[in-house]
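See below for upload23.cif, which holds mmCIF, C-alpha atoms.
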data_input
loop_
_atom_site.label_atom_id
_atom_site.label_comp_id
_atom_site.auth_asym_id
_atom_site.auth_seq_id
_atom_site.Cartn_x
_atom_site.Cartn_y
_atom_site.Cartn_z
CA MET U 1 -11.64 58.61 -143.99
CA GLU U 2 -14.19 55.91 -144.85
CA ILE U 3 -14.98 53.45 -142.05
CA ASN U 4 -14.29 49.82 -143.08
CA ALA U 5 -13.53 50.99 -146.62
CA THR U 6 -12.37 48.76 -149.45
CA TYR U 7 -9.04 49.55 -151.10
CA THR U 8 -7.92 47.86 -154.30
CA SER U 9 -4.31 49.09 -154.59
CA LEU U 10 -1.42 50.50 -152.58
CA VAL U 11 1.78 52.30 -153.58
CA ALA U 12 4.42 52.99 -150.92
CA LEU U 13 7.08 55.69 -151.33
CA GLY U 14 10.07 56.48 -149.16
CA ASP U 15 13.37 55.27 -147.79
CA SER U 16 14.59 52.37 -145.62
CA PHE U 17 11.66 52.71 -143.23
CA THR U 18 9.21 51.84 -146.01
CA GLU U 19 11.56 49.41 -147.77
CA GLY U 20 11.31 47.34 -144.59
CA MET U 21 14.69 47.41 -142.89
CA SER U 22 15.35 45.59 -140.52
CA ASP U 23 12.46 43.14 -140.86
CA LEU U 24 14.59 40.50 -142.51
CA LYS U 25 13.03 37.43 -144.14
CA PRO U 26 14.75 34.02 -144.34
CA ASP U 27 15.72 34.63 -147.98
CA GLY U 28 17.67 37.77 -147.00
CA SER U 29 15.18 40.29 -148.37
CA TYR U 30 13.18 42.75 -146.28
CA ARG U 31 9.47 42.64 -145.52
CA GLY U 32 8.45 45.69 -143.44
CA TRP U 33 5.20 47.40 -142.52
CA ALA U 34 4.14 48.23 -146.09
CA ASP U 35 4.37 44.59 -147.18
CA VAL U 36 2.46 43.48 -144.09
CA LEU U 37 -0.22 46.09 -144.75
CA ALA U 38 -0.47 45.07 -148.40
CA GLY U 39 -0.88 41.44 -147.38
CA ARG U 40 -3.72 42.28 -145.04
CA LEU U 41 -5.46 44.45 -147.64
CA ALA U 42 -5.03 41.74 -150.28
CA ALA U 43 -6.61 39.15 -147.99
CA ARG U 44 -9.88 41.12 -147.97
CA THR U 45 -9.89 42.42 -151.55
CA PRO U 46 -9.67 40.20 -154.67
CA ASP U 47 -7.13 41.28 -157.30
CA PHE U 48 -5.43 43.70 -154.91
CA ARG U 49 -2.34 45.36 -156.42
CA TYR U 50 0.77 46.66 -154.67
CA ALA U 51 3.97 48.54 -155.52
CA ASN U 52 6.79 49.55 -153.16
CA LEU U 53 9.12 52.18 -154.63
CA ALA U 54 11.06 52.87 -151.42
CA VAL U 55 14.86 52.57 -151.41
CA ARG U 56 17.07 52.85 -148.34
CA GLY U 57 19.07 56.03 -147.84
CA LYS U 58 16.93 58.22 -150.08
CA LEU U 59 16.62 61.92 -149.27
CA ILE U 60 13.38 63.78 -149.92
CA GLY U 61 14.75 65.31 -153.13
CA GLN U 62 15.54 61.85 -154.48
CA ILE U 63 12.10 60.58 -153.49
CA VAL U 64 10.51 63.47 -155.38
CA ASP U 65 12.72 62.98 -158.44
CA GLU U 66 12.64 59.17 -158.61
CA GLN U 67 9.37 58.01 -157.05
CA VAL U 68 6.63 60.64 -157.05
CA ASP U 69 5.81 60.83 -160.77
CA LEU U 70 6.02 57.04 -161.07
CA ALA U 71 3.59 56.64 -158.17
CA ALA U 72 1.24 59.33 -159.48
CA GLY U 73 1.01 57.54 -162.80
CA MET U 74 -0.16 54.34 -161.10
CA LYS U 75 -3.43 55.97 -159.92
CA ALA U 76 -3.61 53.79 -156.80
CA ASP U 77 -6.34 53.90 -154.19
CA VAL U 78 -3.83 54.48 -151.40
CA VAL U 79 -0.40 56.12 -151.58
CA THR U 80 1.85 56.31 -148.53
CA LEU U 81 4.63 58.89 -148.45
CA VAL U 82 7.28 58.82 -145.72
CA GLY U 83 10.31 60.98 -146.42
CA GLY U 84 12.49 63.76 -145.11
CA LEU U 85 13.78 62.02 -142.00
CA ASN U 86 17.08 61.10 -143.62
CA ASP U 87 17.53 64.79 -144.40
CA THR U 88 17.02 65.76 -140.75
CA LEU U 89 19.75 63.31 -139.68
CA ARG U 90 22.39 64.96 -141.86
CA PRO U 91 24.94 67.21 -140.09
CA LYS U 92 23.66 70.14 -142.17
CA VAL U 93 20.23 70.43 -143.69
CA ASP U 94 18.17 73.13 -145.39
CA MET U 95 14.80 72.62 -143.71
CA VAL U 96 13.13 75.20 -145.95
CA ARG U 97 14.07 73.10 -148.98
CA VAL U 98 12.90 69.92 -147.24
CA ARG U 99 9.53 71.49 -146.50
CA ASP U 100 9.23 72.79 -150.07
CA LEU U 101 9.98 69.37 -151.53
CA LEU U 102 7.44 67.67 -149.28
CA THR U 103 4.88 70.24 -150.38
CA GLU U 104 5.68 69.49 -154.02
CA ALA U 105 5.32 65.76 -153.44
CA VAL U 106 1.96 66.11 -151.69
CA GLU U 107 0.61 68.47 -154.34
CA ARG U 108 1.56 66.03 -157.12
CA LEU U 109 0.30 62.90 -155.37
CA THR U 110 -3.01 64.12 -153.93
CA PRO U 111 -4.94 64.40 -157.23
CA ALA U 112 -3.47 61.11 -158.44
CA CYS U 113 -4.81 58.82 -155.69
CA ARG U 114 -7.94 58.21 -153.68
CA GLN U 115 -6.19 58.63 -150.32
CA LEU U 116 -2.73 59.96 -149.48
CA VAL U 117 -1.23 58.82 -146.17
CA LEU U 118 1.60 60.70 -144.44
CA MET U 119 3.45 59.75 -141.25
CA ARG U 120 5.01 61.32 -138.22
CA SER U 121 7.85 58.79 -137.98
CA PRO U 122 8.74 57.07 -134.69
CA GLY U 123 11.88 58.00 -132.79
CA ARG U 124 13.96 55.68 -130.63
CA GLU U 125 14.56 56.87 -127.09
CA GLY U 126 18.13 57.95 -126.37
CA PRO U 127 20.59 60.86 -126.45
CA VAL U 128 21.06 60.82 -130.24
CA MET U 129 17.34 61.40 -130.71
CA GLU U 130 17.48 64.54 -128.60
CA ARG U 131 19.99 66.15 -130.97
CA PHE U 132 17.70 65.79 -133.98
CA ARG U 133 14.32 66.15 -132.26
CA PRO U 134 13.81 69.88 -133.15
CA ARG U 135 14.30 69.17 -136.87
CA MET U 136 11.98 66.17 -136.74
CA GLU U 137 9.27 68.13 -134.99
CA GLU U 138 9.60 70.97 -137.52
CA LEU U 139 9.12 68.38 -140.25
CA PHE U 140 6.06 66.90 -138.53
CA VAL U 141 4.38 70.27 -138.01
CA HIS U 142 4.71 70.87 -141.75
CA LEU U 143 3.26 67.42 -142.51
CA ASP U 144 0.25 68.19 -140.33
CA GLU U 145 -0.30 71.46 -142.20
CA LEU U 146 -0.03 69.72 -145.59
CA ALA U 147 -2.48 67.02 -144.52
CA SER U 148 -4.96 69.64 -143.37
CA ARG U 149 -4.75 71.51 -146.68
CA HIS U 150 -4.88 68.49 -148.97
CA GLY U 151 -7.09 65.98 -147.14
CA ALA U 152 -4.28 63.53 -146.41
CA LEU U 153 -4.30 61.20 -143.42
CA VAL U 154 -1.49 61.37 -140.86
CA VAL U 155 -0.34 58.32 -138.88
CA ASP U 156 1.15 59.67 -135.65
CA LEU U 157 3.84 57.13 -134.79
CA TYR U 158 5.96 59.81 -133.14
CA GLY U 159 3.28 60.38 -130.53
CA ALA U 160 3.22 56.71 -129.45
CA PRO U 161 5.63 56.13 -126.52
CA ALA U 162 5.66 52.36 -127.13
CA LEU U 163 7.44 52.84 -130.47
CA GLY U 164 10.26 54.67 -128.68
CA ASP U 165 11.12 51.51 -126.72
CA PRO U 166 14.67 50.44 -127.73
CA ARG U 167 13.51 46.81 -127.80
CA LEU U 168 11.43 47.59 -130.90
CA TRP U 169 14.56 48.79 -132.72
CA ASP U 170 17.22 46.70 -134.42
CA VAL U 171 20.87 46.60 -133.35
CA ASP U 172 21.62 49.44 -135.80
CA ARG U 173 19.34 51.69 -133.68
CA LEU U 174 17.89 53.20 -136.86
CA HIS U 175 15.35 50.63 -138.02
CA LEU U 176 12.42 48.87 -136.41
CA THR U 177 12.29 45.16 -135.60
CA ALA U 178 9.67 42.85 -137.11
CA ASP U 179 7.34 43.62 -134.19
CA GLY U 180 7.89 47.33 -134.70
CA HIS U 181 6.97 47.05 -138.38
CA ARG U 182 3.91 44.99 -137.50
CA ARG U 183 2.75 47.75 -135.16
CA VAL U 184 3.22 50.37 -137.89
CA ALA U 185 1.16 48.27 -140.31
CA GLU U 186 -1.61 48.10 -137.72
CA ALA U 187 -1.43 51.85 -137.17
CA VAL U 188 -1.84 52.56 -140.90
CA TRP U 189 -4.60 49.95 -141.13
CA GLN U 190 -6.59 51.67 -138.39
CA THR U 191 -5.94 55.15 -139.83
CA LEU U 192 -7.46 53.93 -143.11
CA GLY U 193 -10.67 53.20 -141.20
CA LEU U 194 -10.30 49.42 -141.01
CA PRO U 195 -11.29 47.35 -137.93
CA PRO U 196 -8.48 47.04 -135.35
CA GLU U 197 -6.73 43.72 -134.88
CA ASP U 198 -4.87 44.83 -131.77
CA ASP U 199 -3.64 47.94 -129.96
CA TRP U 200 -0.38 48.91 -131.64
CA ARG U 201 0.29 51.45 -128.86
CA THR U 202 0.49 48.80 -126.11
CA PRO U 203 3.81 49.09 -124.23
CA LEU U 204 6.13 46.12 -124.03
CA PRO U 205 6.37 44.33 -120.66
CA PRO U 206 8.83 45.88 -118.20
CA ALA U 207 12.42 45.18 -119.21
CA GLY U 208 14.88 43.45 -116.95
CA ARG U 209 17.98 45.31 -115.90
CA THR U 210 20.95 45.02 -118.27
CA GLY U 211 24.39 44.94 -116.72
CA TRP U 212 26.93 47.70 -117.33
CA ALA U 213 29.30 45.34 -119.19
CA SER U 214 26.54 44.11 -121.50
CA ARG U 215 25.54 47.69 -122.36
CA ARG U 216 29.14 48.66 -123.15
CA ILE U 217 29.59 45.60 -125.38
CA ALA U 218 26.38 46.48 -127.24
CA ASP U 219 27.52 50.11 -127.61
CA ALA U 220 30.90 49.02 -128.97
CA ARG U 221 29.29 46.67 -131.47
CA PHE U 222 26.87 49.39 -132.60
CA ALA U 223 29.74 51.86 -133.10
CA ARG U 224 31.84 49.35 -135.02
CA GLU U 225 29.20 47.77 -137.24
CA HIS U 226 26.72 50.59 -137.77
CA LEU U 227 27.68 54.06 -136.56
CA GLY U 228 31.16 54.06 -138.10
CA PRO U 229 30.02 52.97 -141.57
CA TRP U 230 27.08 55.41 -141.42
CA ILE U 231 29.42 58.32 -140.62
CA GLY U 232 31.77 57.18 -143.37
CA ARG U 233 29.02 57.33 -145.96
CA ARG U 234 28.00 60.80 -144.79
CA LEU U 235 31.58 62.08 -145.08
CA THR U 236 32.08 60.65 -148.57
CA GLY U 237 28.66 61.51 -149.97
CA ARG U 238 27.70 57.88 -150.45
CA SER U 239 24.37 56.23 -149.59
CA SER U 240 23.40 52.68 -148.70
CA GLY U 241 20.84 52.96 -151.50
CA ASP U 242 23.31 53.78 -154.25
CA GLY U 243 22.69 51.49 -157.22
CA ARG U 244 19.65 49.83 -155.63
CA THR U 245 16.28 49.55 -157.32
CA PRO U 246 12.84 49.29 -155.64
CA LYS U 247 11.79 45.81 -154.59
CA ARG U 248 8.31 46.13 -156.18
CA PRO U 249 8.60 48.82 -158.90
CA GLU U 250 5.35 47.93 -160.68
CA LEU U 251 1.76 47.96 -159.47
CA LEU U 252 1.03 44.26 -159.76
CA ALA U 253 -1.33 41.73 -158.23
CA TYR U 254 -0.32 40.80 -154.70
CA GLU U 255 -0.44 37.12 -153.86
CA THR U 256 -1.75 36.56 -150.34
CA SER U 257 0.94 33.90 -149.85
CA TYR U 258 3.68 36.46 -150.59
CA GLU U 259 4.21 37.33 -146.93
CA THR U 260 4.18 35.41 -143.68
CA PRO U 261 4.30 38.31 -141.22
CA HIS U 262 5.00 36.27 -138.10
CA GLU U 263 8.23 34.57 -139.21
CA ALA U 264 11.04 35.05 -136.72
CA PRO U 265 13.44 37.63 -138.20
CA ARG U 266 17.11 36.96 -138.61
CA GLU U 267 19.80 39.48 -137.74
CA ALA U 268 19.92 42.23 -140.33
CA PRO U 269 23.11 43.31 -142.11
CA ALA U 270 24.56 46.74 -141.56
CA GLY U 271 23.51 49.71 -143.68
CA PRO U 272 20.80 52.28 -142.96
#

Produce structure tokens that represent the structure in this file.
Amino acid sequence: MEINATYTSLVALGDSFTEGMSDLKPDGSYRGWADVLAGRLAARTPDFRYANLAVRGKLIGQIVDEQVDLAAGMKADVVTLVGGLNDTLRPKVDMVRVRDLLTEAVERLTPACRQLVLMRSPGREGPVMERFRPRMEELFVHLDELASRHGALVVDLYGAPALGDPRLWDVDRLHLTADGHRRVAEAVWQTLGLPPEDDWRTPLPPAGRTGWASRRIADARFAREHLGPWIGRRLTGRSSGDGRTPKRPELLAYETSYETPHEAPREAPAGP
């Protein structure tokens, strides 16, 4: 890692986390941590270029097949790869295959960029997280090993208790809020050796007590609008990303006016 380095281009690979759900902009599109990071990098580097190949719902095999070669061909300064978490959330998963595919992706991307960045993804506190925690931690151990072998950087979001706070997660309980994405952008920024703007690990202020009735109403809404449709897609083999294309498929100049990171987000539609 170079301290206060200059980066001229960024390519982001992955799924909904990197696409930017649920950091919704007024026009109905998603911003997310990668866009925020690109905006900050562009503000300090003339002619900065950015591509975001991430598409919601993608499994690691799809990321390898659809995004890795495209990203490698762009020869960017920085490539971020976040994938495999959707696989761990499936009822059945072959973790050996997931690890092998991540290895393949890292081996193909490392020689094609100046700096590869991997992430230990954040996890929302709650009982659902406990069910999948062993798979996630197996995934993260493998990421650490890959980073050590190939000189990649690892952003440890999983190890930051603040990012487990339910208030940093959208109503679908799968995607970060705008503030959550802003914290991730800051974490990547600092991992790249750039001067901190704030402490992304700072906990939120203590939460007030929520009444039993309010919690049950929120649970019922979550089950109806998000959990039910998510289960339905799993049972039918469909994905929220079916038919979708990346929002920034080409490595093009990034206008510094493209993002306004502190806009108040609107409520996001369903669909992890």

- Message: Since I can't run it myself right now, could you work out what the PyMOL selection byres ((chain U and resi 70-83) around 8) selects here and report it as a count of residues only?
- Response: 35

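Between Thr6 (chain U) and the residues U:Phe140, U:Trp189, U:Trp200, U:Tyr254, the shortest atom-to-atom distance, using all atoms listed in the file, involves U:Trp189.
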
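Comparing the minimum interatomic distances between Tyr30 (chain U) and each of U:Gly57, U:Pro246, U:Pro46, U:Gly123, counting all atoms listed in the file, we find that U:Pro246 sits nearest.
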
- Message: Taking (10.6, 44.5, -136.2) as a centre in this file's frame and 9 Å as the limit, can you find every polymer residue with an atom that close, using only C-alpha atoms, and give them as a list in words?
- Response: Gly20, Met21, Ser22, Asp23, Leu24, Gly32, Trp33, Leu168, Trp169, Asp170, His175, Leu176, Thr177, Ala178, Asp179, Gly180, His181, Arg182, Arg183 and Pro265 of chain U

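The gap separating CA of Glu197 (chain U) from CA of Val154 (chain U) is 19.4 Å, in Å to one decimal.
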
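The smallest atom-to-atom distance between Leu89 (chain U) and any of U:Glu19, U:Asp199, U:Asp47, U:Leu174, using all atoms listed in the file, is found for U:Leu174.
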
- Please evaluate the PyMOL selection byres ((chain U and resi 190) around 12) against the structure above and give the resulting residues as a PyMOL selection string. chain U and resi 1-5+37+40-41+117+153-156+183-189+191-201

- Query: Which residue out of U:Ala54, U:Pro122, U:Pro111, U:Val98 has the minimum interatomic distance to Leu139 (chain U) when all atoms listed in the file are used?
  - Reply: U:Val98

- Item | His150 (chain U) surroundings by only C-alpha atoms, 9 Å radius, close-in-sequence under 4 positions cut, as a list in words | Val106, Glu107, Thr110, Leu116, Glu145 and Leu146 of chain U

- Message: For this structure, which residues satisfy the selection - the PyMOL selection byres ((chain U and resi 96) around 12) - when it is evaluated on the file as given? I want them as a list in words.
- Response: Gly84, Asp87, Thr88, Val93, Asp94, Met95, Arg97, Val98, Arg99, Asp100, Leu101, Leu102, Thr103, Arg135, Glu138, Leu139 and His142 of chain U

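Between CA of Ala38 (chain U) and CA of Lys247 (chain U) lies a distance of 13.8 Å.
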
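Atom pair CA of Gly159 (chain U) / CA of Ser16 (chain U) has a distance of 20.5 Å (rounded to one decimal).
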
- Task: Name all residues at most 10 Å from Thr245 (chain U) (count only C-alpha atoms; drop same-chain ones fewer than 2 positions away) and give them as a VMD selection string.
- Result: chain U and resid 53 to 56 241 to 243 247 to 249
